[in-house]
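Next comes work-v1.pdb, a file with PDB, C-alpha atoms.
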ATOM      1  CA  PHE M   1      63.360  78.735  38.417
ATOM      2  CA  PHE M   2      66.497  79.553  36.395
ATOM      3  CA  LYS M   3      66.309  83.243  37.300
ATOM      4  CA  LEU M   4      66.954  82.243  40.902
ATOM      5  CA  TYR M   5      68.830  78.969  40.551
ATOM      6  CA  PHE M   6      70.518  78.850  37.180
ATOM      7  CA  PRO M   7      72.489  75.677  36.556
ATOM      8  CA  VAL M   8      76.164  75.344  37.367
ATOM      9  CA  ASN M   9      78.300  75.239  34.220
ATOM     10  CA  GLU M  10      79.328  71.588  34.556
ATOM     11  CA  TYR M  11      81.455  71.672  31.419
ATOM     12  CA  LEU M  12      83.534  74.513  32.819
ATOM     13  CA  VAL M  13      83.756  72.808  36.219
ATOM     14  CA  ASN M  14      85.176  69.702  34.529
ATOM     15  CA  THR M  15      87.844  71.734  32.710
ATOM     16  CA  ILE M  16      89.246  73.340  35.880
ATOM     17  CA  ALA M  17      92.510  71.637  36.739
ATOM     18  CA  GLU M  18      93.486  70.869  40.301
ATOM     19  CA  GLN M  19      95.069  73.992  41.822
ATOM     20  CA  ASP M  20      97.796  74.488  44.403
ATOM     21  CA  LYS M  21      96.090  75.386  47.666
ATOM     22  CA  LYS M  22      97.149  79.024  48.049
ATOM     23  CA  TYR M  23      94.332  79.815  50.494
ATOM     24  CA  ASP M  24      93.100  78.084  53.611
ATOM     25  CA  CYS M  25      89.665  79.746  53.342
ATOM     26  CA  ILE M  26      87.726  81.708  50.769
ATOM     27  CA  PHE M  27      84.683  84.000  50.748
ATOM     28  CA  LEU M  28      82.846  84.534  47.454
ATOM     29  CA  GLY M  29      80.004  86.948  46.959
ATOM     30  CA  ARG M  30      78.910  90.516  47.179
ATOM     31  CA  ILE M  31      80.915  92.373  49.795
ATOM     32  CA  VAL M  32      77.959  93.375  51.967
ATOM     33  CA  LYS M  33      77.010  92.748  55.571
ATOM     34  CA  GLU M  34      74.076  90.393  54.857
ATOM     35  CA  LYS M  35      76.395  88.044  52.946
ATOM     36  CA  GLY M  36      78.432  87.657  56.143
ATOM     37  CA  ILE M  37      81.693  89.356  55.215
ATOM     38  CA  GLU M  38      82.117  90.711  58.765
ATOM     39  CA  ASP M  39      81.650  87.213  60.173
ATOM     40  CA  PHE M  40      84.147  85.801  57.673
ATOM     41  CA  ILE M  41      86.751  88.307  58.853
ATOM     42  CA  LYS M  42      86.015  87.436  62.499
ATOM     43  CA  VAL M  43      86.478  83.744  61.646
ATOM     44  CA  ILE M  44      89.873  84.478  60.097
ATOM     45  CA  ALA M  45      90.880  86.591  63.113
ATOM     46  CA  GLY M  46      89.914  83.715  65.420
ATOM     47  CA  LEU M  47      91.726  81.140  63.311
ATOM     48  CA  LYS M  48      94.853  83.301  63.259
ATOM     49  CA  LEU M  49      95.180  82.815  67.019
ATOM     50  CA  LYS M  50      95.690  79.078  66.473
ATOM     51  CA  LYS M  51      97.121  79.172  62.955
ATOM     52  CA  PRO M  52      99.161  82.411  62.600
ATOM     53  CA  ASP M  53     100.060  81.718  58.965
ATOM     54  CA  ILE M  54      96.447  81.330  57.811
ATOM     55  CA  MET M  55      95.752  82.788  54.371
ATOM     56  CA  ALA M  56      92.279  83.722  53.202
ATOM     57  CA  CYS M  57      90.729  85.242  50.105
ATOM     58  CA  VAL M  58      87.745  87.554  49.699
ATOM     59  CA  ALA M  59      86.473  87.728  46.124
ATOM     60  CA  GLY M  60      83.472  89.681  44.945
ATOM     61  CA  PRO M  61      82.124  93.081  44.054
ATOM     62  CA  GLY M  62      81.627  95.830  46.598
ATOM     63  CA  ASP M  63      83.364  98.381  48.753
ATOM     64  CA  THR M  64      86.096  96.534  50.643
ATOM     65  CA  MET M  65      87.461  99.522  52.572
ATOM     66  CA  PRO M  66      85.255  99.131  55.703
ATOM     67  CA  TYR M  67      86.070  95.419  55.806
ATOM     68  CA  GLN M  68      89.773  95.967  55.310
ATOM     69  CA  LYS M  69      89.576  98.365  58.268
ATOM     70  CA  LEU M  70      87.782  95.681  60.316
ATOM     71  CA  ALA M  71      90.455  93.135  59.352
ATOM     72  CA  ASN M  72      93.153  95.619  60.331
ATOM     73  CA  ASP M  73      91.416  96.274  63.684
ATOM     74  CA  LEU M  74      91.258  92.508  64.294
ATOM     75  CA  ASN M  75      94.931  92.115  63.327
ATOM     76  CA  CYS M  76      94.304  89.838  60.340
ATOM     77  CA  LEU M  77      94.508  92.177  57.332
ATOM     78  CA  ARG M  78      97.813  90.617  56.226
ATOM     79  CA  ASN M  79      96.121  87.213  56.273
ATOM     80  CA  ILE M  80      93.353  88.201  53.838
ATOM     81  CA  GLU M  81      93.710  88.936  50.140
ATOM     82  CA  PHE M  82      90.893  91.114  48.800
ATOM     83  CA  THR M  83      90.753  90.364  45.064
ATOM     84  CA  GLY M  84      87.633  92.311  44.107
ATOM     85  CA  PHE M  85      85.304  91.173  41.360
ATOM     86  CA  LEU M  86      86.539  88.231  39.290
ATOM     87  CA  LYS M  87      85.811  88.933  35.625
ATOM     88  CA  THR M  88      85.116  85.413  34.416
ATOM     89  CA  GLN M  89      83.514  82.320  35.837
ATOM     90  CA  ARG M  90      86.761  80.462  35.058
ATOM     91  CA  ASP M  91      88.672  82.948  37.252
ATOM     92  CA  LEU M  92      86.150  82.390  40.032
ATOM     93  CA  PHE M  93      86.349  78.603  39.750
ATOM     94  CA  GLU M  94      90.156  78.623  39.716
ATOM     95  CA  LYS M  95      90.257  80.869  42.789
ATOM     96  CA  LEU M  96      87.778  78.574  44.542
ATOM     97  CA  LYS M  97      89.798  75.456  43.598
ATOM     98  CA  SER M  98      92.923  77.094  45.068
ATOM     99  CA  SER M  99      91.269  77.111  48.506
ATOM    100  CA  LYS M 100      91.093  74.362  51.095
ATOM    101  CA  VAL M 101      87.724  75.392  52.581
ATOM    102  CA  PHE M 102      84.854  77.580  51.374
ATOM    103  CA  LEU M 103      83.067  79.565  54.075
ATOM    104  CA  ALA M 104      79.468  80.653  53.527
ATOM    105  CA  PRO M 105      78.290  82.897  56.382
ATOM    106  CA  PRO M 106      75.204  84.631  54.916
ATOM    107  CA  HIS M 107      72.607  86.116  57.235
ATOM    108  CA  LYS M 108      69.957  86.017  54.482
ATOM    109  CA  GLU M 109      69.999  83.409  51.724
ATOM    110  CA  ARG M 110      67.709  81.113  49.792
ATOM    111  CA  LEU M 111      70.277  78.662  48.460
ATOM    112  CA  SER M 112      73.679  80.006  47.654
ATOM    113  CA  MET M 113      74.923  79.580  44.090
ATOM    114  CA  THR M 114      78.477  79.690  45.424
ATOM    115  CA  ILE M 115      77.763  76.727  47.710
ATOM    116  CA  ARG M 116      76.574  74.722  44.729
ATOM    117  CA  GLU M 117      79.656  75.747  42.739
ATOM    118  CA  ALA M 118      81.973  74.780  45.604
ATOM    119  CA  MET M 119      80.263  71.399  45.855
ATOM    120  CA  TYR M 120      80.736  70.784  42.123
ATOM    121  CA  LEU M 121      84.406  71.778  42.439
ATOM    122  CA  LYS M 122      84.821  69.476  45.474
ATOM    123  CA  VAL M 123      85.825  72.212  47.885
ATOM    124  CA  PRO M 124      84.593  71.407  51.414
ATOM    125  CA  ILE M 125      82.165  73.904  52.910
ATOM    126  CA  VAL M 126      81.390  75.348  56.317
ATOM    127  CA  ALA M 127      78.157  77.357  56.207
ATOM    128  CA  TYR M 128      75.608  79.096  58.347
ATOM    129  CA  ALA M 129      72.277  77.243  58.550
ATOM    130  CA  THR M 130      70.490  80.129  56.850
ATOM    131  CA  GLY M 131      67.416  79.999  54.618
ATOM    132  CA  GLY M 132      67.469  76.960  52.331
ATOM    133  CA  ILE M 133      71.057  75.948  53.127
ATOM    134  CA  PRO M 134      70.057  73.270  55.712
ATOM    135  CA  TYR M 135      68.313  71.298  52.929
ATOM    136  CA  ILE M 136      71.763  70.394  51.608
ATOM    137  CA  ASN M 137      72.179  68.157  54.666
ATOM    138  CA  GLU M 138      68.651  66.745  54.608
ATOM    139  CA  PHE M 139      69.796  63.152  54.017
ATOM    140  CA  ASP M 140      73.515  63.266  54.882
ATOM    141  CA  GLU M 141      76.109  65.699  56.218
ATOM    142  CA  ASN M 142      77.356  67.075  52.904
ATOM    143  CA  ILE M 143      78.637  70.338  54.355
ATOM    144  CA  TYR M 144      79.496  71.423  57.875
ATOM    145  CA  MET M 145      76.828  73.733  59.220
ATOM    146  CA  VAL M 146      76.638  76.009  62.232
ATOM    147  CA  LYS M 147      73.961  78.271  63.651
ATOM    148  CA  THR M 148      73.609  81.547  61.745
ATOM    149  CA  GLY M 149      75.765  84.201  63.372
ATOM    150  CA  ASP M 150      77.943  81.776  65.330
ATOM    151  CA  TYR M 151      81.264  82.722  63.759
ATOM    152  CA  LYS M 152      83.154  81.077  66.643
ATOM    153  CA  ALA M 153      81.588  77.689  65.825
ATOM    154  CA  MET M 154      82.366  78.336  62.142
ATOM    155  CA  ALA M 155      86.013  78.908  63.088
ATOM    156  CA  GLU M 156      86.079  75.636  65.079
ATOM    157  CA  LYS M 157      84.592  73.591  62.211
ATOM    158  CA  THR M 158      86.981  75.245  59.761
ATOM    159  CA  LEU M 159      89.974  74.502  61.965
ATOM    160  CA  THR M 160      88.882  70.856  62.113
ATOM    161  CA  LEU M 161      88.949  70.681  58.311
ATOM    162  CA  LEU M 162      92.243  72.551  58.013
ATOM    163  CA  ASN M 163      93.924  70.214  60.506
ATOM    164  CA  ASP M 164      92.486  66.949  59.180
ATOM    165  CA  ASP M 165      93.197  66.153  55.524
ATOM    166  CA  ALA M 166      91.075  62.996  55.649
ATOM    167  CA  ALA M 167      88.017  64.843  57.005
ATOM    168  CA  ARG M 168      88.500  67.618  54.454
ATOM    169  CA  ASN M 169      88.826  65.173  51.559
ATOM    170  CA  ASN M 170      85.850  63.103  52.761
ATOM    171  CA  LEU M 171      83.609  66.172  52.945
ATOM    172  CA  ALA M 172      84.837  67.350  49.537
ATOM    173  CA  GLU M 173      83.901  64.015  47.966
ATOM    174  CA  LYS M 174      80.382  64.213  49.365
TER     175      LYS M 174
END
Show the structure stored in the file as structure tokens.
Amino acid sequence: FFKLYFPVNEYLVNTIAEQDKKYDCIFLGRIVKEKGIEDFIKVIAGLKLKKPDIMACVAGPGDTMPYQKLANDLNCLRNIEFTGFLKTQRDLFEKLKSSKVFLAPPHKERLSMTIREAMYLKVPIVAYATGGIPYINEFDENIYMVKTGDYKAMAEKTLTLLNDDAARNNLAEK
């Protein structure tokens, strides 16, 4: 069980101070197509049309060059900071806490560790209903979910959270 779903470091989570919200949205994970990085960039490009000053972060290991090119082609490269691999879990948690919304657009996933970390850190989530992710909402809407691959719906749900502090805070508390 722990090889696949190791526990979230609750002690570390509790030591992370509240952060200034530098980013509107964040992507955490391996920078590969099946984790949804292309969809994340398309979401940011769509959000930029309605919120030109949007700022997003992509953190994780992998070759970012093809995705920076995609962001450039979609005219949103200046709105996305590619940080690369974060060396410590504290760095990852602080980066996550400095974001208003966590986006999880994987095309293949059992149950994302990053979703669980975001929930512990009280960062609201918009995710694709992939693999085991829908079980998070089995008894209540704890995260916003959209059909896998529907990056336009993900952008709409994200915009709702970015424009409504009460909705964002309510989802974060769940």
Task: Residues selected by the PyMOL selection byres ((chain M and resi 127) around 7), written as a ChimeraX atom specification - done: /M:103-105,125-126,128-129,144-146
**Prompt:** On this structure, which residues satisfy the PyMOL selection byres ((chain M and resi 100) around 9), written as JSON, numbers by chain?
**Reply:** {"M": [21, 22, 23, 24, 25, 26, 96, 97, 98, 99, 101, 102, 123, 124, 161, 162, 168]}
Compute the distance from (76.6, 87.6, 46.5) to each atom, counting all atoms listed in the file, keep the residues with any atom at most 12 Å away, and return them as a PyMOL selection string; use the coordinates of the file. chain M and resi 27-37+58-62+85+104-115
Given the file shown, determine the residues that the PyMOL selection byres ((chain M and resi 48-51) around 10) selects; report them as a list in words.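 Against this file, the PyMOL selection byres ((chain M and resi 48-51) around 10) returns the residues Lys42, Val43, Ile44, Ala45, Gly46, Leu47, Pro52, Asp53, Ile54, Met55, Leu74, Asn75, Cys76, Asn79, Ala155, Leu159, Leu162 and Asn163 of chain M.
Rounded to one decimal, atom CA of Ile143 of chain M and atom CA of Glu81 of chain M lie 24.3 Å from each other.
Nearest to Leu171 of chain M of all the residues M:Arg90, M:Asn142, M:Asp63, M:Glu18 is M:Asn142, based on only C-alpha atoms.
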Item checked: All residues 10 Å or closer to Phe93 of chain M, only C-alpha atoms, same chain fewer than 4 positions away omitted, as an NGL selection string -> :M and (12-13 or 15-17 or 86 or 88-89 or 97-98 or 114 or 117-118 or 120-121)
Output the selection as a PDB file, keeping the file's coordinate frame - C-alpha atoms for each residue.
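Output (again-v7.pdb):
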ATOM      1  CA  LEU M  12      83.534  74.513  32.819  1.00  0.00           C
ATOM      2  CA  VAL M  13      83.756  72.808  36.219  1.00  0.00           C
ATOM      3  CA  THR M  15      87.844  71.734  32.710  1.00  0.00           C
ATOM      4  CA  ILE M  16      89.246  73.340  35.880  1.00  0.00           C
ATOM      5  CA  ALA M  17      92.510  71.637  36.739  1.00  0.00           C
ATOM      6  CA  LEU M  86      86.539  88.231  39.290  1.00  0.00           C
ATOM      7  CA  THR M  88      85.116  85.413  34.416  1.00  0.00           C
ATOM      8  CA  GLN M  89      83.514  82.320  35.837  1.00  0.00           C
ATOM      9  CA  LYS M  97      89.798  75.456  43.598  1.00  0.00           C
ATOM     10  CA  SER M  98      92.923  77.094  45.068  1.00  0.00           C
ATOM     11  CA  THR M 114      78.477  79.690  45.424  1.00  0.00           C
ATOM     12  CA  GLU M 117      79.656  75.747  42.739  1.00  0.00           C
ATOM     13  CA  ALA M 118      81.973  74.780  45.604  1.00  0.00           C
ATOM     14  CA  TYR M 120      80.736  70.784  42.123  1.00  0.00           C
ATOM     15  CA  LEU M 121      84.406  71.778  42.439  1.00  0.00           C
TER      16      LEU M 121
END
- So how far away is atom CA of Asp164 of chain M from atom CA of Ile80 of chain M, in Å?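 Distance reported for this atom pair: 21.9 Å.
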The distance between atom CA of Thr148 of chain M and atom CA of Thr130 of chain M is 6.0 Å
